[in-house]
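start05.pdb (PDB, C-alpha atoms, pLDDT in the B column)
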```
ATOM      1  CA  MET T 122       0.000   0.000   0.000  1.00 69.00           C
ATOM      2  CA  THR T 123       1.339   3.436  -0.881  1.00 84.00           C
ATOM      3  CA  GLU T 124       2.348   5.470   2.191  1.00 91.00           C
ATOM      4  CA  ASN T 125      -0.152   8.307   2.930  1.00 94.00           C
ATOM      5  CA  ARG T 126       1.391   9.735   6.100  1.00 93.00           C
ATOM      6  CA  ALA T 127       2.120  13.107   4.479  1.00 95.00           C
ATOM      7  CA  GLN T 128      -1.536  13.536   3.533  1.00 91.00           C
ATOM      8  CA  LYS T 129      -2.799  12.551   6.975  1.00 93.00           C
ATOM      9  CA  ASN T 130      -0.331  14.875   8.714  1.00 94.00           C
ATOM     10  CA  SER T 131      -1.170  17.857   6.552  1.00 95.00           C
ATOM     11  CA  PRO T 132      -3.010  20.712   8.381  1.00 93.00           C
ATOM     12  CA  SER T 133      -5.599  20.664   5.598  1.00 94.00           C
ATOM     13  CA  TYR T 134      -6.610  17.140   6.641  1.00 96.00           C
ATOM     14  CA  ARG T 135      -7.514  18.064  10.215  1.00 95.00           C
ATOM     15  CA  LEU T 136     -11.195  18.093  11.098  1.00 95.00           C
ATOM     16  CA  ALA T 137     -12.212  21.747  10.924  1.00 94.00           C
ATOM     17  CA  ALA T 138     -13.802  21.738  14.399  1.00 92.00           C
ATOM     18  CA  LEU T 139     -10.560  20.376  15.912  1.00 94.00           C
ATOM     19  CA  ASP T 140      -8.116  22.530  13.972  1.00 94.00           C
ATOM     20  CA  GLN T 141      -7.054  25.379  16.279  1.00 93.00           C
ATOM     21  CA  ASP T 142      -4.981  27.070  13.582  1.00 94.00           C
ATOM     22  CA  PHE T 143      -8.132  27.285  11.466  1.00 95.00           C
ATOM     23  CA  ILE T 144     -10.582  28.125  14.284  1.00 92.00           C
ATOM     24  CA  LEU T 145      -8.337  30.918  15.568  1.00 93.00           C
ATOM     25  CA  GLY T 146      -7.557  32.297  12.118  1.00 95.00           C
ATOM     26  CA  ASP T 147      -8.681  35.598  10.644  1.00 94.00           C
ATOM     27  CA  SER T 148     -11.313  34.101   8.315  1.00 95.00           C
ATOM     28  CA  THR T 149     -13.242  32.434  11.166  1.00 94.00           C
ATOM     29  CA  ARG T 150     -13.668  35.519  13.344  1.00 94.00           C
ATOM     30  CA  GLY T 151     -17.402  35.535  12.605  1.00 94.00           C
ATOM     31  CA  ALA T 152     -17.723  31.921  13.738  1.00 94.00           C
ATOM     32  CA  ARG T 153     -15.886  32.688  16.987  1.00 94.00           C
ATOM     33  CA  PHE T 154     -18.149  35.669  17.572  1.00 94.00           C
ATOM     34  CA  MET T 155     -21.190  33.421  17.107  1.00 96.00           C
ATOM     35  CA  LEU T 156     -19.769  30.777  19.459  1.00 95.00           C
ATOM     36  CA  GLU T 157     -19.213  33.377  22.202  1.00 95.00           C
ATOM     37  CA  TYR T 158     -22.866  34.323  21.923  1.00 96.00           C
ATOM     38  CA  GLN T 159     -24.174  30.759  21.849  1.00 97.00           C
ATOM     39  CA  LYS T 160     -22.139  29.259  24.682  1.00 96.00           C
ATOM     40  CA  ALA T 161     -23.240  31.854  27.238  1.00 97.00           C
ATOM     41  CA  GLU T 162     -26.796  31.809  25.894  1.00 97.00           C
ATOM     42  CA  ASP T 163     -27.070  28.050  26.322  1.00 97.00           C
ATOM     43  CA  HIS T 164     -25.902  28.209  29.945  1.00 96.00           C
ATOM     44  CA  LEU T 165     -28.200  31.137  30.796  1.00 97.00           C
ATOM     45  CA  ARG T 166     -31.208  29.373  29.299  1.00 95.00           C
ATOM     46  CA  ALA T 167     -30.351  26.118  31.050  1.00 94.00           C
ATOM     47  CA  ARG T 168     -30.349  28.028  34.344  1.00 94.00           C
ATOM     48  CA  GLY T 169     -33.625  29.770  33.508  1.00 94.00           C
ATOM     49  CA  ILE T 170     -32.189  33.301  33.697  1.00 96.00           C
ATOM     50  CA  LEU T 171     -34.918  35.550  32.311  1.00 94.00           C
ATOM     51  CA  SER T 172     -33.778  39.002  33.409  1.00 95.00           C
ATOM     52  CA  THR T 173     -30.913  40.661  35.243  1.00 97.00           C
ATOM     53  CA  ILE T 174     -29.904  43.687  37.264  1.00 98.00           C
ATOM     54  CA  VAL T 175     -26.568  44.760  35.818  1.00 98.00           C
ATOM     55  CA  VAL T 176     -24.001  46.333  38.138  1.00 98.00           C
ATOM     56  CA  PHE T 177     -21.041  48.201  36.638  1.00 95.00           C
ATOM     57  CA  GLY T 178     -18.124  49.828  38.459  1.00 97.00           C
ATOM     58  CA  SER T 179     -14.395  50.024  38.953  1.00 97.00           C
ATOM     59  CA  ALA T 180     -12.235  46.921  39.304  1.00 95.00           C
ATOM     60  CA  ARG T 181      -9.855  48.958  41.517  1.00 95.00           C
ATOM     61  CA  VAL T 182     -12.175  49.455  44.498  1.00 97.00           C
ATOM     62  CA  ARG T 183     -11.360  47.194  47.440  1.00 97.00           C
ATOM     63  CA  GLU T 184     -13.252  45.550  50.287  1.00 98.00           C
ATOM     64  CA  GLY T 185     -13.907  47.967  53.134  1.00 97.00           C
ATOM     65  CA  GLU T 186     -14.111  51.019  50.895  1.00 98.00           C
ATOM     66  CA  PRO T 187     -17.504  52.789  50.822  1.00 98.00           C
ATOM     67  CA  TRP T 188     -18.359  52.039  47.178  1.00 98.00           C
ATOM     68  CA  TYR T 189     -17.475  48.350  47.592  1.00 98.00           C
ATOM     69  CA  GLU T 190     -19.655  47.983  50.678  1.00 98.00           C
ATOM     70  CA  ALA T 191     -22.503  49.906  49.023  1.00 98.00           C
ATOM     71  CA  ALA T 192     -22.411  47.655  45.941  1.00 98.00           C
ATOM     72  CA  ARG T 193     -22.432  44.571  48.145  1.00 98.00           C
ATOM     73  CA  ALA T 194     -25.380  45.886  50.179  1.00 98.00           C
ATOM     74  CA  PHE T 195     -27.296  46.885  47.061  1.00 98.00           C
ATOM     75  CA  ALA T 196     -26.877  43.465  45.441  1.00 98.00           C
ATOM     76  CA  ARG T 197     -28.073  41.744  48.605  1.00 98.00           C
ATOM     77  CA  ILE T 198     -31.155  43.977  48.790  1.00 97.00           C
ATOM     78  CA  ALA T 199     -31.945  43.575  45.088  1.00 97.00           C
ATOM     79  CA  SER T 200     -31.514  39.789  45.246  1.00 97.00           C
ATOM     80  CA  GLU T 201     -33.741  39.453  48.301  1.00 95.00           C
ATOM     81  CA  ARG T 202     -36.536  41.698  47.033  1.00 94.00           C
ATOM     82  CA  GLY T 203     -36.297  41.501  43.250  1.00 92.00           C
ATOM     83  CA  GLY T 204     -37.160  37.858  42.704  1.00 89.00           C
ATOM     84  CA  ALA T 205     -33.721  36.316  42.159  1.00 94.00           C
ATOM     85  CA  LEU T 206     -34.389  33.867  44.996  1.00 93.00           C
ATOM     86  CA  ASP T 207     -37.625  32.656  43.437  1.00 86.00           C
ATOM     87  CA  GLU T 208     -37.358  30.365  40.448  1.00 81.00           C
ATOM     88  CA  GLY T 209     -40.837  30.240  38.961  1.00 78.00           C
ATOM     89  CA  PRO T 210     -42.075  27.895  36.262  1.00 80.00           C
ATOM     90  CA  GLY T 211     -40.695  30.170  33.559  1.00 81.00           C
ATOM     91  CA  GLY T 212     -37.365  30.863  35.198  1.00 90.00           C
ATOM     92  CA  ARG T 213     -35.639  33.408  37.417  1.00 94.00           C
ATOM     93  CA  HIS T 214     -35.878  37.217  37.243  1.00 94.00           C
ATOM     94  CA  HIS T 215     -33.594  40.083  38.265  1.00 96.00           C
ATOM     95  CA  VAL T 216     -30.410  38.107  38.811  1.00 97.00           C
ATOM     96  CA  ILE T 217     -27.352  40.247  39.584  1.00 98.00           C
ATOM     97  CA  ALA T 218     -24.983  40.345  36.582  1.00 98.00           C
ATOM     98  CA  THR T 219     -21.529  41.918  36.558  1.00 98.00           C
ATOM     99  CA  GLY T 220     -18.371  41.994  34.499  1.00 96.00           C
ATOM    100  CA  GLY T 221     -17.114  39.146  36.658  1.00 96.00           C
ATOM    101  CA  GLY T 222     -13.890  40.750  37.848  1.00 95.00           C
ATOM    102  CA  PRO T 223     -12.675  42.353  41.097  1.00 96.00           C
ATOM    103  CA  GLY T 224     -13.742  45.583  42.806  1.00 97.00           C
ATOM    104  CA  ILE T 225     -17.347  46.657  42.406  1.00 98.00           C
ATOM    105  CA  MET T 226     -18.051  43.556  40.321  1.00 98.00           C
ATOM    106  CA  GLU T 227     -16.829  41.292  43.107  1.00 98.00           C
ATOM    107  CA  ALA T 228     -18.841  43.247  45.662  1.00 98.00           C
ATOM    108  CA  ALA T 229     -22.082  42.851  43.707  1.00 98.00           C
ATOM    109  CA  ASN T 230     -21.595  39.125  43.107  1.00 98.00           C
ATOM    110  CA  ARG T 231     -20.734  38.779  46.781  1.00 98.00           C
ATOM    111  CA  GLY T 232     -23.853  40.645  47.871  1.00 98.00           C
ATOM    112  CA  ALA T 233     -26.027  38.328  45.804  1.00 98.00           C
ATOM    113  CA  GLY T 234     -24.325  35.401  47.514  1.00 98.00           C
ATOM    114  CA  ASP T 235     -25.022  36.970  50.913  1.00 98.00           C
ATOM    115  CA  ALA T 236     -28.717  36.702  50.020  1.00 97.00           C
ATOM    116  CA  GLY T 237     -28.337  33.085  48.895  1.00 97.00           C
ATOM    117  CA  ALA T 238     -28.993  34.007  45.263  1.00 97.00           C
ATOM    118  CA  VAL T 239     -27.204  33.028  42.080  1.00 97.00           C
ATOM    119  CA  SER T 240     -25.328  35.725  40.160  1.00 98.00           C
ATOM    120  CA  ILE T 241     -23.634  36.075  36.794  1.00 98.00           C
ATOM    121  CA  GLY T 242     -20.073  37.064  35.914  1.00 98.00           C
ATOM    122  CA  PHE T 243     -19.314  38.077  32.322  1.00 97.00           C
ATOM    123  CA  ASN T 244     -15.511  38.168  32.447  1.00 96.00           C
ATOM    124  CA  ILE T 245     -13.198  39.311  29.648  1.00 93.00           C
ATOM    125  CA  THR T 246      -9.733  38.252  28.487  1.00 89.00           C
ATOM    126  CA  LEU T 247      -7.332  41.195  28.839  1.00 84.00           C
ATOM    127  CA  PRO T 248      -3.607  41.663  28.131  1.00 81.00           C
ATOM    128  CA  HIS T 249      -3.072  41.638  31.906  1.00 73.00           C
ATOM    129  CA  GLU T 250      -5.299  38.698  32.741  1.00 62.00           C
ATOM    130  CA  GLN T 251      -8.400  39.535  34.781  1.00 78.00           C
ATOM    131  CA  ASP T 252      -9.331  36.519  36.874  1.00 90.00           C
ATOM    132  CA  PRO T 253     -12.970  35.915  37.767  1.00 95.00           C
ATOM    133  CA  ASN T 254     -13.887  36.833  41.314  1.00 97.00           C
ATOM    134  CA  ALA T 255     -14.729  34.045  43.740  1.00 97.00           C
ATOM    135  CA  PHE T 256     -18.370  35.033  44.283  1.00 98.00           C
ATOM    136  CA  SER T 257     -20.173  34.653  40.947  1.00 98.00           C
ATOM    137  CA  THR T 258     -22.034  31.366  40.501  1.00 98.00           C
ATOM    138  CA  PRO T 259     -19.500  28.994  38.880  1.00 97.00           C
ATOM    139  CA  ASP T 260     -21.713  27.730  36.057  1.00 96.00           C
ATOM    140  CA  LEU T 261     -22.848  31.308  35.378  1.00 98.00           C
ATOM    141  CA  THR T 262     -19.283  32.621  35.094  1.00 97.00           C
ATOM    142  CA  PHE T 263     -18.184  33.242  31.501  1.00 97.00           C
ATOM    143  CA  ARG T 264     -15.045  34.439  29.733  1.00 96.00           C
ATOM    144  CA  PHE T 265     -15.222  36.489  26.536  1.00 95.00           C
ATOM    145  CA  HIS T 266     -12.630  37.578  24.016  1.00 93.00           C
ATOM    146  CA  TYR T 267     -14.843  40.168  22.302  1.00 93.00           C
ATOM    147  CA  PHE T 268     -15.973  43.212  24.264  1.00 93.00           C
ATOM    148  CA  ALA T 269     -18.892  43.645  21.869  1.00 93.00           C
ATOM    149  CA  MET T 270     -20.326  40.209  22.621  1.00 95.00           C
ATOM    150  CA  ARG T 271     -19.788  40.641  26.340  1.00 95.00           C
ATOM    151  CA  LYS T 272     -21.662  43.959  26.241  1.00 95.00           C
ATOM    152  CA  MET T 273     -24.455  42.368  24.232  1.00 95.00           C
ATOM    153  CA  HIS T 274     -24.966  39.696  26.884  1.00 96.00           C
ATOM    154  CA  LEU T 275     -24.879  42.332  29.622  1.00 95.00           C
ATOM    155  CA  ALA T 276     -27.635  44.262  27.841  1.00 95.00           C
ATOM    156  CA  MET T 277     -29.834  41.470  26.497  1.00 94.00           C
ATOM    157  CA  ARG T 278     -31.598  40.523  29.731  1.00 95.00           C
ATOM    158  CA  ALA T 279     -31.083  43.772  31.624  1.00 96.00           C
ATOM    159  CA  ALA T 280     -34.136  44.956  33.551  1.00 95.00           C
ATOM    160  CA  ALA T 281     -32.079  47.670  35.269  1.00 97.00           C
ATOM    161  CA  LEU T 282     -28.541  49.043  35.415  1.00 97.00           C
ATOM    162  CA  VAL T 283     -26.690  50.448  38.415  1.00 98.00           C
ATOM    163  CA  ALA T 284     -23.425  52.182  37.547  1.00 98.00           C
ATOM    164  CA  PHE T 285     -21.045  52.727  40.436  1.00 98.00           C
ATOM    165  CA  PRO T 286     -18.011  54.983  39.953  1.00 98.00           C
ATOM    166  CA  GLY T 287     -15.506  53.533  37.513  1.00 97.00           C
ATOM    167  CA  GLY T 288     -13.087  54.237  34.717  1.00 96.00           C
ATOM    168  CA  PHE T 289     -13.136  53.930  30.943  1.00 95.00           C
ATOM    169  CA  GLY T 290     -14.753  50.475  30.969  1.00 93.00           C
ATOM    170  CA  THR T 291     -17.587  51.600  33.209  1.00 96.00           C
ATOM    171  CA  LEU T 292     -18.187  54.687  31.086  1.00 97.00           C
ATOM    172  CA  ASP T 293     -18.138  52.583  27.917  1.00 95.00           C
ATOM    173  CA  GLU T 294     -20.740  50.184  29.277  1.00 95.00           C
ATOM    174  CA  LEU T 295     -22.893  52.990  30.717  1.00 97.00           C
ATOM    175  CA  PHE T 296     -23.047  54.943  27.465  1.00 96.00           C
ATOM    176  CA  GLU T 297     -23.654  51.724  25.519  1.00 95.00           C
ATOM    177  CA  ILE T 298     -26.907  51.231  27.470  1.00 96.00           C
ATOM    178  CA  LEU T 299     -27.890  54.890  27.227  1.00 97.00           C
ATOM    179  CA  THR T 300     -27.279  54.873  23.461  1.00 96.00           C
ATOM    180  CA  LEU T 301     -29.277  51.685  22.955  1.00 95.00           C
ATOM    181  CA  THR T 302     -32.258  53.111  24.829  1.00 95.00           C
ATOM    182  CA  GLN T 303     -32.008  56.570  23.245  1.00 96.00           C
ATOM    183  CA  THR T 304     -32.011  55.048  19.747  1.00 95.00           C
ATOM    184  CA  GLY T 305     -34.808  52.566  20.463  1.00 94.00           C
ATOM    185  CA  LYS T 306     -32.598  49.515  20.057  1.00 94.00           C
ATOM    186  CA  MET T 307     -33.373  48.566  23.647  1.00 93.00           C
ATOM    187  CA  SER T 308     -36.503  49.040  25.726  1.00 91.00           C
ATOM    188  CA  PRO T 309     -35.970  51.740  28.376  1.00 92.00           C
ATOM    189  CA  VAL T 310     -34.810  50.390  31.722  1.00 95.00           C
ATOM    190  CA  PRO T 311     -33.964  52.213  34.955  1.00 96.00           C
ATOM    191  CA  VAL T 312     -30.365  53.451  34.846  1.00 98.00           C
ATOM    192  CA  ILE T 313     -29.070  54.484  38.255  1.00 98.00           C
ATOM    193  CA  LEU T 314     -25.819  56.411  38.748  1.00 98.00           C
ATOM    194  CA  TYR T 315     -24.604  55.649  42.248  1.00 98.00           C
ATOM    195  CA  ASP T 316     -23.015  58.527  44.204  1.00 98.00           C
ATOM    196  CA  SER T 317     -24.462  61.674  42.685  1.00 98.00           C
ATOM    197  CA  SER T 318     -21.545  63.893  43.753  1.00 98.00           C
ATOM    198  CA  PHE T 319     -19.093  61.703  41.843  1.00 98.00           C
ATOM    199  CA  TRP T 320     -21.113  61.555  38.625  1.00 98.00           C
ATOM    200  CA  LYS T 321     -22.130  65.216  38.631  1.00 97.00           C
ATOM    201  CA  GLY T 322     -18.510  66.155  39.233  1.00 97.00           C
ATOM    202  CA  LEU T 323     -17.356  63.910  36.404  1.00 97.00           C
ATOM    203  CA  PHE T 324     -19.583  65.257  33.650  1.00 94.00           C
ATOM    204  CA  ASN T 325     -22.388  67.707  32.988  1.00 95.00           C
ATOM    205  CA  LEU T 326     -24.854  65.938  30.731  1.00 93.00           C
ATOM    206  CA  GLU T 327     -27.252  68.860  31.007  1.00 95.00           C
ATOM    207  CA  ARG T 328     -24.767  70.782  28.844  1.00 96.00           C
ATOM    208  CA  LEU T 329     -25.498  68.358  25.977  1.00 96.00           C
ATOM    209  CA  ALA T 330     -29.190  69.222  26.178  1.00 96.00           C
ATOM    210  CA  GLU T 331     -28.490  72.957  26.437  1.00 97.00           C
ATOM    211  CA  ALA T 332     -26.386  72.742  23.274  1.00 97.00           C
ATOM    212  CA  GLY T 333     -29.115  70.835  21.437  1.00 97.00           C
ATOM    213  CA  LEU T 334     -26.941  67.736  21.090  1.00 97.00           C
ATOM    214  CA  ILE T 335     -29.462  65.529  22.897  1.00 96.00           C
ATOM    215  CA  ARG T 336     -33.136  66.062  23.698  1.00 96.00           C
ATOM    216  CA  LYS T 337     -34.070  67.351  27.132  1.00 95.00           C
ATOM    217  CA  GLU T 338     -36.139  64.179  27.531  1.00 96.00           C
ATOM    218  CA  ASP T 339     -32.941  62.138  27.194  1.00 96.00           C
ATOM    219  CA  LEU T 340     -31.877  63.383  30.622  1.00 97.00           C
ATOM    220  CA  ALA T 341     -34.692  61.242  32.024  1.00 96.00           C
ATOM    221  CA  LEU T 342     -32.919  58.086  30.800  1.00 97.00           C
ATOM    222  CA  PHE T 343     -30.945  58.026  34.053  1.00 97.00           C
ATOM    223  CA  CYS T 344     -31.164  59.169  37.670  1.00 97.00           C
ATOM    224  CA  TYR T 345     -28.963  59.276  40.759  1.00 98.00           C
ATOM    225  CA  ALA T 346     -28.888  57.453  44.083  1.00 98.00           C
ATOM    226  CA  ASP T 347     -26.756  57.860  47.196  1.00 98.00           C
ATOM    227  CA  SER T 348     -27.557  54.760  49.215  1.00 98.00           C
ATOM    228  CA  PRO T 349     -28.215  51.082  48.429  1.00 98.00           C
ATOM    229  CA  GLU T 350     -31.824  51.434  49.563  1.00 98.00           C
ATOM    230  CA  GLU T 351     -32.355  54.488  47.374  1.00 98.00           C
ATOM    231  CA  ALA T 352     -30.801  52.730  44.383  1.00 98.00           C
ATOM    232  CA  TYR T 353     -33.243  49.835  44.656  1.00 97.00           C
ATOM    233  CA  ALA T 354     -36.179  52.183  45.237  1.00 97.00           C
ATOM    234  CA  ARG T 355     -35.230  54.142  42.113  1.00 97.00           C
ATOM    235  CA  ILE T 356     -35.250  50.931  40.083  1.00 97.00           C
ATOM    236  CA  VAL T 357     -38.712  49.923  41.284  1.00 95.00           C
ATOM    237  CA  GLU T 358     -40.017  53.467  40.760  1.00 94.00           C
ATOM    238  CA  GLY T 359     -38.515  53.698  37.279  1.00 90.00           C
ATOM    239  CA  ALA T 360     -39.767  50.310  36.144  1.00 87.00           C
ATOM    240  CA  GLY T 361     -43.286  50.738  37.531  1.00 83.00           C
ATOM    241  CA  ASP T 362     -45.684  47.922  36.724  1.00 75.00           C
ATOM    242  CA  ASP T 363     -43.075  46.278  34.469  1.00 70.00           C
ATOM    243  CA  TRP T 364     -40.726  45.500  37.355  1.00 74.00           C
ATOM    244  CA  ILE T 365     -41.958  41.970  38.087  1.00 66.00           C
ATOM    245  CA  PRO T 366     -41.712  40.161  35.830  1.00 51.00           C
ATOM    246  CA  ALA T 367     -39.352  41.876  33.428  1.00 43.00           C
ATOM    247  CA  ALA T 368     -39.135  40.984  29.751  1.00 43.00           C
ATOM    248  CA  ALA T 369     -36.210  38.885  28.616  1.00 49.00           C
ATOM    249  CA  ASP T 370     -34.167  39.459  25.454  1.00 57.00           C
ATOM    250  CA  ASN T 371     -34.310  43.232  25.756  1.00 64.00           C
ATOM    251  CA  VAL T 372     -32.004  44.131  22.866  1.00 58.00           C
ATOM    252  CA  GLN T 373     -33.205  44.062  19.279  1.00 59.00           C
ATOM    253  CA  THR T 374     -31.265  41.629  17.095  1.00 51.00           C
TER     254      THR T 374
END
```
Taking this structure as input, can you express it in the form of structure tokens?
Amino acid sequence: MTENRAQKNSPSYRLAALDQDFILGDSTRGARFMLEYQKAEDHLRARGILSTIVVFGSARVREGEPWYEAARAFARIASERGGALDEGPGGRHHVIATGGGPGIMEAANRGAGDAGAVSIGFNITLPHEQDPNAFSTPDLTFRFHYFAMRKMHLAMRAAALVAFPGGFGTLDELFEILTLTQTGKMSPVPVILYDSSFWKGLFNLERLAEAGLIRKEDLALFCYADSPEEAYARIVEGAGDDWIPAAADNVQT
């Protein structure tokens, strides 16, 4: 029999699904993007996660600092009162979801755990590796390569957003949600900026309305809160009759 080792050892002969050089190549970026969506989606559906309360904030805040303790207290309150402890026949509503890393994200996942609730961590691969925190539910802890897909999953089931002080990443995620709601790509949800003195000192969004760059009504897309209790009350007030249950799959696709 003629030797066929060269053919069998050729990269072209590898099964496509098992060929890392192919899967990680430039031409298959779309397939990888799709897989990042589908893997997390399958796990979330298997767990019956219908809606979330998304908590953003700095990864640099540490335990014992006021913002950390406030995020932890808020997540506990929201998990106890928002329905995350109650898995109905259709699934579970208002589960705390974070970026899965340290700081404010850790605090929020930890607060949900204090209440005995599950919580989600949407982590991201970074040049300086960001490990998942130890408090998100293990089978609801995900790692993404693409920021865009991570942000999509953060937005898709969001029934509310609480943004604690943070840096560029927090601002990126905050304005992503505000843009989606302003443009009608996402149903309006309560957006709470925690610590009014910080946010008002950081930027003056009223100036955008005064200059005619946004509508005055757009300023109603968000509000402020200065305590964990107030943050949760603002969510319930802003959502009104839609608070329980909240609609899943909030972003148009």
Counting all atoms listed in the file, what is within 10 Å of Gly169 (chain T), bar same-chain residues fewer than 3 positions away, as an NGL selection string? :T and (163-166 or 172 or 208-214)
Go ahead and save the residues from that selection, with C-alpha atoms, as a PDB file, in the frame of the given file.
```
ATOM      1  CA  ASP T 163     -27.070  28.050  26.322  1.00 97.00           C
ATOM      2  CA  HIS T 164     -25.902  28.209  29.945  1.00 96.00           C
ATOM      3  CA  LEU T 165     -28.200  31.137  30.796  1.00 97.00           C
ATOM      4  CA  ARG T 166     -31.208  29.373  29.299  1.00 95.00           C
ATOM      5  CA  SER T 172     -33.778  39.002  33.409  1.00 95.00           C
ATOM      6  CA  GLU T 208     -37.358  30.365  40.448  1.00 81.00           C
ATOM      7  CA  GLY T 209     -40.837  30.240  38.961  1.00 78.00           C
ATOM      8  CA  PRO T 210     -42.075  27.895  36.262  1.00 80.00           C
ATOM      9  CA  GLY T 211     -40.695  30.170  33.559  1.00 81.00           C
ATOM     10  CA  GLY T 212     -37.365  30.863  35.198  1.00 90.00           C
ATOM     11  CA  ARG T 213     -35.639  33.408  37.417  1.00 94.00           C
ATOM     12  CA  HIS T 214     -35.878  37.217  37.243  1.00 94.00           C
TER      13      HIS T 214
END
```
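Take the PyMOL selection byres ((chain T and resi 217-228) around 6) and apply it to this file: it picks Thr173, Ile174, Val175, Val176, Gly178, Ser179, Ala180, Arg181, Val182, Arg183, Tyr189, Ala192, Arg193, Val216, Ala229, Asn230, Arg231, Ser240, Ile241, Gly242, Phe243, Asn244, Pro253 and Asn254 of chain T.
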Within 8 Å of file point (-32.3, 37.3, 45.2), counting only C-alpha atoms, expressed as a PyMOL selection string: chain T and resi 197-207+215-216+233+236-239
Out of T:Asp142, T:Gly151, T:Asp339, T:Phe285, which residue has the shortest atom-to-atom distance to Tyr267 (chain T) when counting only C-alpha atoms? T:Gly151
Applying the PyMOL selection byres ((chain T and resi 293-301) around 8) to the file I just gave you, which residues come out? Please list them as a PyMOL selection string. chain T and resi 177+272+276+284+289-292+302-307+342
Please, what distance in Å, to one decimal, runs between CA of Glu184 (chain T) and CA of His274 (chain T)? 26.8 Å
Between T:Val310, T:Leu326, T:Ser257, T:Leu136, which has the minimum distance to Arg355 (chain T) (counting only C-alpha atoms)?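 Of the candidates, the smallest distance to Arg355 (chain T) is held by T:Val310.
Between CA of Val357 (chain T) and CA of Thr258 (chain T) there is a distance of 25.0 Å.
Going from CA of Asp316 (chain T) to CA of Gly288 (chain T) covers 14.4 Å.
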Choose the residue, out of T:Ala167, T:Ile313, T:Ala191, T:Leu156, that has the smallest atom-to-atom separation from Ala281 (chain T); count only C-alpha atoms.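 Between T:Ala167, T:Ile313, T:Ala191, T:Leu156, the residue approaching Ala281 (chain T) most closely is T:Ile313.
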Put a box with edges along x, y and z around all the listed atoms of region 292-305 of chain T, pad it by 8 Å on each side, then give me its centre and sizes in Å, one decimal, as AutoDock Vina command-line options.
```
--center_x -26.5 --center_y 53.4 --center_z 25.4 --size_x 32.7 --size_y 22.4 --size_z 27.3
```
Shortest interatomic distance to Tyr345 (chain T) - which of T:Leu323, T:Ile144, T:Ala360, T:Val312, counting only C-alpha atoms: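 Checking each candidate against Tyr345 (chain T), we get T:Val312 as the closest.
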